[in-house]
Amino acid sequence: MSEQSVLVVEDTEEIRELVCTVLRRAGMDVRAVASGAEALAEVRRAAPDVVVLDLGLPDADGTEVCRQIRAESECYVLMLTARAEEVDLLIGLAVGADGYMAKPFSPRELVARVQAMLRRPRVPAPRPAPVEESVLRLAELEVDEDSREVRVDGAVVDLTRTEFDLLAALASRPGRVLQRETLLREVWQTDWEGSVRLVEAHMSNLRRKLQAAGLSSPEIRTVRGVGYRLVA
């Protein structure tokens, strides 16, 4: 497949055709399937760069399909959902989705979101041999940028790629407030204002995982109306 390859997973024919049409017009190599089983088979066969995934599939829950895709692939996953409630969003992002769009959506916005994902590297670029260990240590927390591991008191915490990138951005500037817009540009490479809720949802999942791992310090604090900072 080309470097800009997209798999559309949508069981409603009208929506599937619309998504495929606007993405192809934007110059992307697009394939489409209508079920979770077909989606997994196509991911294994063709290794797309982005999967546009409907949560309401006829044969499987979209979050479970996302979980299986994430276990096997580094592709980006953009969820389409008619259920924009907070709990659905958090569950979807917790299993490794990189973004979401609620139906009905703007075709232009969809193209912009997929293009932003395609600008992000699927796999971290190889680093030169470090002169010294590339580990950020803050109290009980360790963020290893080379291995992309996060540890609390030595125990590895299972984070999604996006959650790691958010934490690494905060840990690299402890005590400093990072605006939501700054995080959007650094992690998602977009400045679309509608994605602010996406930052908040991922940050909620990140906090929950760190707290479940027993982290008491440092703490991710919300600076109301501005953004977040990591404080020991």
# chains A, B, ... in the order shown; residues from 1 in each chain; ligands from 1
call {"tool": "residues_around", "arguments": {"residues": "A:Val43", "least_positions_apart": "5", "cutoff": "9 Å", "atoms": "only C-alpha atoms", "output": "PDB file with N, CA, C and O atoms, in the first residue's frame"}}
result
ATOM      1  N   LEU A   7      -7.751   2.492   6.091  1.00  0.00           N
ATOM      2  CA  LEU A   7      -8.778   1.459   6.084  1.00  0.00           C
ATOM      3  C   LEU A   7     -10.025   2.023   6.749  1.00  0.00           C
ATOM      4  O   LEU A   7      -9.973   2.481   7.899  1.00  0.00           O
ATOM      5  N   GLU A  38     -13.556  -8.518   9.157  1.00  0.00           N
ATOM      6  CA  GLU A  38     -12.881  -8.081   7.933  1.00  0.00           C
ATOM      7  C   GLU A  38     -11.811  -7.047   8.246  1.00  0.00           C
ATOM      8  O   GLU A  38     -10.744  -7.023   7.614  1.00  0.00           O
ATOM      9  N   PRO A  48      -2.397  -0.871   7.202  1.00  0.00           N
ATOM     10  CA  PRO A  48      -2.702   0.526   6.880  1.00  0.00           C
ATOM     11  C   PRO A  48      -2.062   1.481   7.886  1.00  0.00           C
ATOM     12  O   PRO A  48      -1.691   1.086   8.993  1.00  0.00           O
ATOM     13  N   VAL A  51      -6.715   3.659  10.586  1.00  0.00           N
ATOM     14  CA  VAL A  51      -7.985   2.945  10.507  1.00  0.00           C
ATOM     15  C   VAL A  51      -9.084   3.885  10.994  1.00  0.00           C
ATOM     16  O   VAL A  51      -9.007   4.404  12.114  1.00  0.00           O
ATOM     17  N   ILE A  69      -6.725  -4.505  17.245  1.00  0.00           N
ATOM     18  CA  ILE A  69      -5.862  -3.813  16.282  1.00  0.00           C
ATOM     19  C   ILE A  69      -4.630  -3.273  16.983  1.00  0.00           C
ATOM     20  O   ILE A  69      -3.493  -3.431  16.504  1.00  0.00           O
ATOM     21  N   GLU A  72      -1.803  -5.620  17.683  1.00  0.00           N
ATOM     22  CA  GLU A  72      -1.070  -6.173  16.545  1.00  0.00           C
ATOM     23  C   GLU A  72      -0.453  -5.129  15.631  1.00  0.00           C
ATOM     24  O   GLU A  72       0.366  -5.475  14.774  1.00  0.00           O
ATOM     25  N   SER A  73      -0.831  -3.862  15.789  1.00  0.00           N
ATOM     26  CA  SER A  73      -0.421  -2.862  14.805  1.00  0.00           C
ATOM     27  C   SER A  73      -0.108  -1.522  15.452  1.00  0.00           C
ATOM     28  O   SER A  73      -0.662  -1.184  16.509  1.00  0.00           O
ATOM     29  N   CYS A  75      -0.722   1.211  13.707  1.00  0.00           N
ATOM     30  CA  CYS A  75      -1.514   2.168  12.945  1.00  0.00           C
ATOM     31  C   CYS A  75      -2.296   3.078  13.883  1.00  0.00           C
ATOM     32  O   CYS A  75      -2.563   2.737  15.039  1.00  0.00           O
TER      33      CYS A  75
END
call {"tool": "residues_around", "arguments": {"residues": "stretch 150-165 of chain A", "least_positions_apart": "5", "cutoff": "8 Å", "atoms": "only C-alpha atoms", "output": "MDAnalysis selection string"}}
result
chainID A and resid 94:96 98 140:144 187 202:203 205:206 209:210 213:215
call {"tool": "write_last_selection", "arguments": {"atoms": "N, CA and C atoms", "output": "PDB file, in the first residue's frame"}}
result
ATOM      1  N   ALA A  94      -9.173   4.465  26.007  1.00  0.00           N
ATOM      2  CA  ALA A  94      -8.406   3.613  26.919  1.00  0.00           C
ATOM      3  C   ALA A  94      -7.879   2.372  26.228  1.00  0.00           C
ATOM      4  N   VAL A  95      -8.558   1.902  25.183  1.00  0.00           N
ATOM      5  CA  VAL A  95      -8.101   0.688  24.503  1.00  0.00           C
ATOM      6  C   VAL A  95      -7.164   1.021  23.344  1.00  0.00           C
ATOM      7  N   GLY A  96      -6.763   2.280  23.221  1.00  0.00           N
ATOM      8  CA  GLY A  96      -5.715   2.602  22.276  1.00  0.00           C
ATOM      9  C   GLY A  96      -6.096   3.440  21.082  1.00  0.00           C
ATOM     10  N   ASP A  98      -6.685   6.763  18.913  1.00  0.00           N
ATOM     11  CA  ASP A  98      -5.934   8.010  18.938  1.00  0.00           C
ATOM     12  C   ASP A  98      -6.832   9.237  18.819  1.00  0.00           C
ATOM     13  N   GLU A 140       8.632   9.165  42.460  1.00  0.00           N
ATOM     14  CA  GLU A 140       8.409   7.737  42.224  1.00  0.00           C
ATOM     15  C   GLU A 140       8.283   7.390  40.735  1.00  0.00           C
ATOM     16  N   LEU A 141       8.247   8.412  39.886  1.00  0.00           N
ATOM     17  CA  LEU A 141       7.940   8.223  38.468  1.00  0.00           C
ATOM     18  C   LEU A 141       9.202   8.226  37.613  1.00  0.00           C
ATOM     19  N   GLU A 142       9.280   7.276  36.678  1.00  0.00           N
ATOM     20  CA  GLU A 142      10.350   7.253  35.689  1.00  0.00           C
ATOM     21  C   GLU A 142       9.725   7.192  34.294  1.00  0.00           C
ATOM     22  N   VAL A 143      10.179   8.068  33.420  1.00  0.00           N
ATOM     23  CA  VAL A 143       9.723   8.085  32.032  1.00  0.00           C
ATOM     24  C   VAL A 143      10.943   7.836  31.156  1.00  0.00           C
ATOM     25  N   ASP A 144      11.030   6.653  30.581  1.00  0.00           N
ATOM     26  CA  ASP A 144      12.169   6.253  29.762  1.00  0.00           C
ATOM     27  C   ASP A 144      11.825   6.523  28.292  1.00  0.00           C
ATOM     28  N   VAL A 187       1.559  16.466  20.412  1.00  0.00           N
ATOM     29  CA  VAL A 187       1.205  15.050  20.437  1.00  0.00           C
ATOM     30  C   VAL A 187       0.385  14.654  19.207  1.00  0.00           C
ATOM     31  N   HIS A 202      -7.897  11.791  27.168  1.00  0.00           N
ATOM     32  CA  HIS A 202      -6.649  11.028  27.303  1.00  0.00           C
ATOM     33  C   HIS A 202      -5.984  11.310  28.644  1.00  0.00           C
ATOM     34  N   MET A 203      -6.029  12.563  29.079  1.00  0.00           N
ATOM     35  CA  MET A 203      -5.420  12.915  30.358  1.00  0.00           C
ATOM     36  C   MET A 203      -6.155  12.229  31.510  1.00  0.00           C
ATOM     37  N   ASN A 205      -7.652   9.289  31.363  1.00  0.00           N
ATOM     38  CA  ASN A 205      -7.188   7.898  31.357  1.00  0.00           C
ATOM     39  C   ASN A 205      -5.786   7.781  31.928  1.00  0.00           C
ATOM     40  N   LEU A 206      -4.908   8.707  31.557  1.00  0.00           N
ATOM     41  CA  LEU A 206      -3.530   8.685  32.048  1.00  0.00           C
ATOM     42  C   LEU A 206      -3.488   8.809  33.558  1.00  0.00           C
ATOM     43  N   LYS A 209      -4.636   5.554  35.264  1.00  0.00           N
ATOM     44  CA  LYS A 209      -3.651   4.474  35.223  1.00  0.00           C
ATOM     45  C   LYS A 209      -2.499   4.718  36.194  1.00  0.00           C
ATOM     46  N   LEU A 210      -2.045   5.956  36.281  1.00  0.00           N
ATOM     47  CA  LEU A 210      -0.955   6.272  37.204  1.00  0.00           C
ATOM     48  C   LEU A 210      -1.391   6.098  38.657  1.00  0.00           C
ATOM     49  N   ALA A 213      -1.537   2.542  39.576  1.00  0.00           N
ATOM     50  CA  ALA A 213      -0.196   1.990  39.770  1.00  0.00           C
ATOM     51  C   ALA A 213       0.415   2.419  41.094  1.00  0.00           C
ATOM     52  N   GLY A 214      -0.304   3.250  41.850  1.00  0.00           N
ATOM     53  CA  GLY A 214       0.167   3.658  43.166  1.00  0.00           C
ATOM     54  C   GLY A 214       0.960   4.942  43.193  1.00  0.00           C
ATOM     55  N   LEU A 215       0.907   5.727  42.106  1.00  0.00           N
ATOM     56  CA  LEU A 215       1.685   6.963  42.063  1.00  0.00           C
ATOM     57  C   LEU A 215       1.040   8.036  42.941  1.00  0.00           C
TER      58      LEU A 215
END
call {"tool": "closest_residue", "arguments": {"among": "A:Leu118, A:Ala47, A:Leu230, A:Leu78", "to": "A:Gln4", "atoms": "only C-alpha atoms"}}
result
A:Leu118
call {"tool": "residues_around", "arguments": {"residues": "A:Val33", "least_positions_apart": "5", "cutoff": "12 Å", "atoms": "only C-alpha atoms", "output": "VMD selection string"}}
result
chain A and resid 6 to 13 15 to 17 19 to 20 38 to 43 51 to 54 57 to 58
call {"tool": "select_by_dssp", "arguments": {"residues": "stretch 188-222 of chain A", "states": "strand (DSSP E or B)", "output": "ChimeraX atom specification"}}
result
/A:219-222
call {"tool": "atom_distance", "arguments": {"atom1": "atom CA of A:Trp188", "atom2": "atom CA of A:Ala139"}}
result
27.8 Å
call {"tool": "atom_distance", "arguments": {"atom1": "atom CA of A:Ala37", "atom2": "atom CA of A:Cys66"}}
result
11.5 Å
call {"tool": "atom_distance", "arguments": {"atom1": "atom CA of A:Leu23", "atom2": "atom CA of A:Arg67"}}
result
24.2 Å
call {"tool": "residues_around", "arguments": {"residues": "stretch 170-179 of chain A", "least_positions_apart": "6", "cutoff": "7 Å", "atoms": "only C-alpha atoms", "output": "VMD selection string"}}
result
chain A and resid 136 226 to 231
call {"tool": "write_last_selection", "arguments": {"atoms": "C-alpha atoms", "output": "PDB file, in the first residue's frame"}}
result
ATOM      1  CA  LEU A 136      13.202  11.402  33.245  1.00  0.00           C
ATOM      2  CA  VAL A 226      -5.270  26.771  30.538  1.00  0.00           C
ATOM      3  CA  GLY A 227      -3.852  23.240  30.605  1.00  0.00           C
ATOM      4  CA  TYR A 228      -1.849  20.839  32.771  1.00  0.00           C
ATOM      5  CA  ARG A 229       1.391  20.623  34.721  1.00  0.00           C
ATOM      6  CA  LEU A 230       3.312  17.853  36.459  1.00  0.00           C
ATOM      7  CA  VAL A 231       4.086  18.760  40.055  1.00  0.00           C
TER       8      VAL A 231
END
call {"tool": "residues_around", "arguments": {"residues": "A:Thr81", "least_positions_apart": "5", "cutoff": "9 Å", "atoms": "only C-alpha atoms", "output": "PyMOL selection string"}}
result
chain A and resi 53-56+88-89+100-104
call {"tool": "write_last_selection", "arguments": {"atoms": "N, CA, C and O atoms", "output": "PDB file, in the first residue's frame"}}
result
ATOM      1  N   LEU A  53     -12.588   3.802  12.233  1.00  0.00           N
ATOM      2  CA  LEU A  53     -13.322   2.662  12.807  1.00  0.00           C
ATOM      3  C   LEU A  53     -14.648   3.088  13.417  1.00  0.00           C
ATOM      4  O   LEU A  53     -14.688   3.880  14.361  1.00  0.00           O
ATOM      5  N   ASP A  54     -15.738   2.534  12.889  1.00  0.00           N
ATOM      6  CA  ASP A  54     -17.066   2.757  13.470  1.00  0.00           C
ATOM      7  C   ASP A  54     -17.204   1.905  14.734  1.00  0.00           C
ATOM      8  O   ASP A  54     -16.839   0.720  14.741  1.00  0.00           O
ATOM      9  N   LEU A  55     -17.727   2.496  15.796  1.00  0.00           N
ATOM     10  CA  LEU A  55     -17.900   1.737  17.037  1.00  0.00           C
ATOM     11  C   LEU A  55     -19.080   0.781  16.977  1.00  0.00           C
ATOM     12  O   LEU A  55     -19.096  -0.227  17.681  1.00  0.00           O
ATOM     13  N   GLY A  56     -20.067   1.077  16.147  1.00  0.00           N
ATOM     14  CA  GLY A  56     -21.279   0.251  16.117  1.00  0.00           C
ATOM     15  C   GLY A  56     -21.279  -0.755  14.989  1.00  0.00           C
ATOM     16  O   GLY A  56     -22.066  -0.623  14.048  1.00  0.00           O
ATOM     17  N   ASP A  88     -18.311   6.440  26.836  1.00  0.00           N
ATOM     18  CA  ASP A  88     -17.933   5.759  25.601  1.00  0.00           C
ATOM     19  C   ASP A  88     -16.609   6.281  25.081  1.00  0.00           C
ATOM     20  O   ASP A  88     -15.771   5.525  24.596  1.00  0.00           O
ATOM     21  N   LEU A  89     -16.433   7.597  25.167  1.00  0.00           N
ATOM     22  CA  LEU A  89     -15.190   8.202  24.708  1.00  0.00           C
ATOM     23  C   LEU A  89     -14.008   7.691  25.515  1.00  0.00           C
ATOM     24  O   LEU A  89     -12.981   7.292  24.962  1.00  0.00           O
ATOM     25  N   TYR A 100     -11.344  10.549  18.031  1.00  0.00           N
ATOM     26  CA  TYR A 100     -12.736  10.165  17.777  1.00  0.00           C
ATOM     27  C   TYR A 100     -13.442  11.304  17.071  1.00  0.00           C
ATOM     28  O   TYR A 100     -13.036  12.468  17.140  1.00  0.00           O
ATOM     29  N   MET A 101     -14.503  10.966  16.366  1.00  0.00           N
ATOM     30  CA  MET A 101     -15.406  11.953  15.790  1.00  0.00           C
ATOM     31  C   MET A 101     -16.831  11.466  15.994  1.00  0.00           C
ATOM     32  O   MET A 101     -17.123  10.287  15.776  1.00  0.00           O
ATOM     33  N   ALA A 102     -17.700  12.363  16.418  1.00  0.00           N
ATOM     34  CA  ALA A 102     -19.096  12.009  16.638  1.00  0.00           C
ATOM     35  C   ALA A 102     -19.890  12.240  15.352  1.00  0.00           C
ATOM     36  O   ALA A 102     -19.652  13.204  14.625  1.00  0.00           O
ATOM     37  N   LYS A 103     -20.803  11.321  15.066  1.00  0.00           N
ATOM     38  CA  LYS A 103     -21.705  11.478  13.927  1.00  0.00           C
ATOM     39  C   LYS A 103     -22.858  12.398  14.321  1.00  0.00           C
ATOM     40  O   LYS A 103     -23.336  12.327  15.460  1.00  0.00           O
ATOM     41  N   PRO A 104     -23.351  13.226  13.396  1.00  0.00           N
ATOM     42  CA  PRO A 104     -22.832  13.483  12.044  1.00  0.00           C
ATOM     43  C   PRO A 104     -21.553  14.326  12.115  1.00  0.00           C
ATOM     44  O   PRO A 104     -21.375  15.110  13.048  1.00  0.00           O
TER      45      PRO A 104
END
call {"tool": "select_by_dssp", "arguments": {"residues": "stretch 1-178 of chain A", "states": "alpha helix (DSSP H)", "output": "ChimeraX atom specification"}}
result
/A:13-25,36-46,62-72,86-94,107-119,161-171
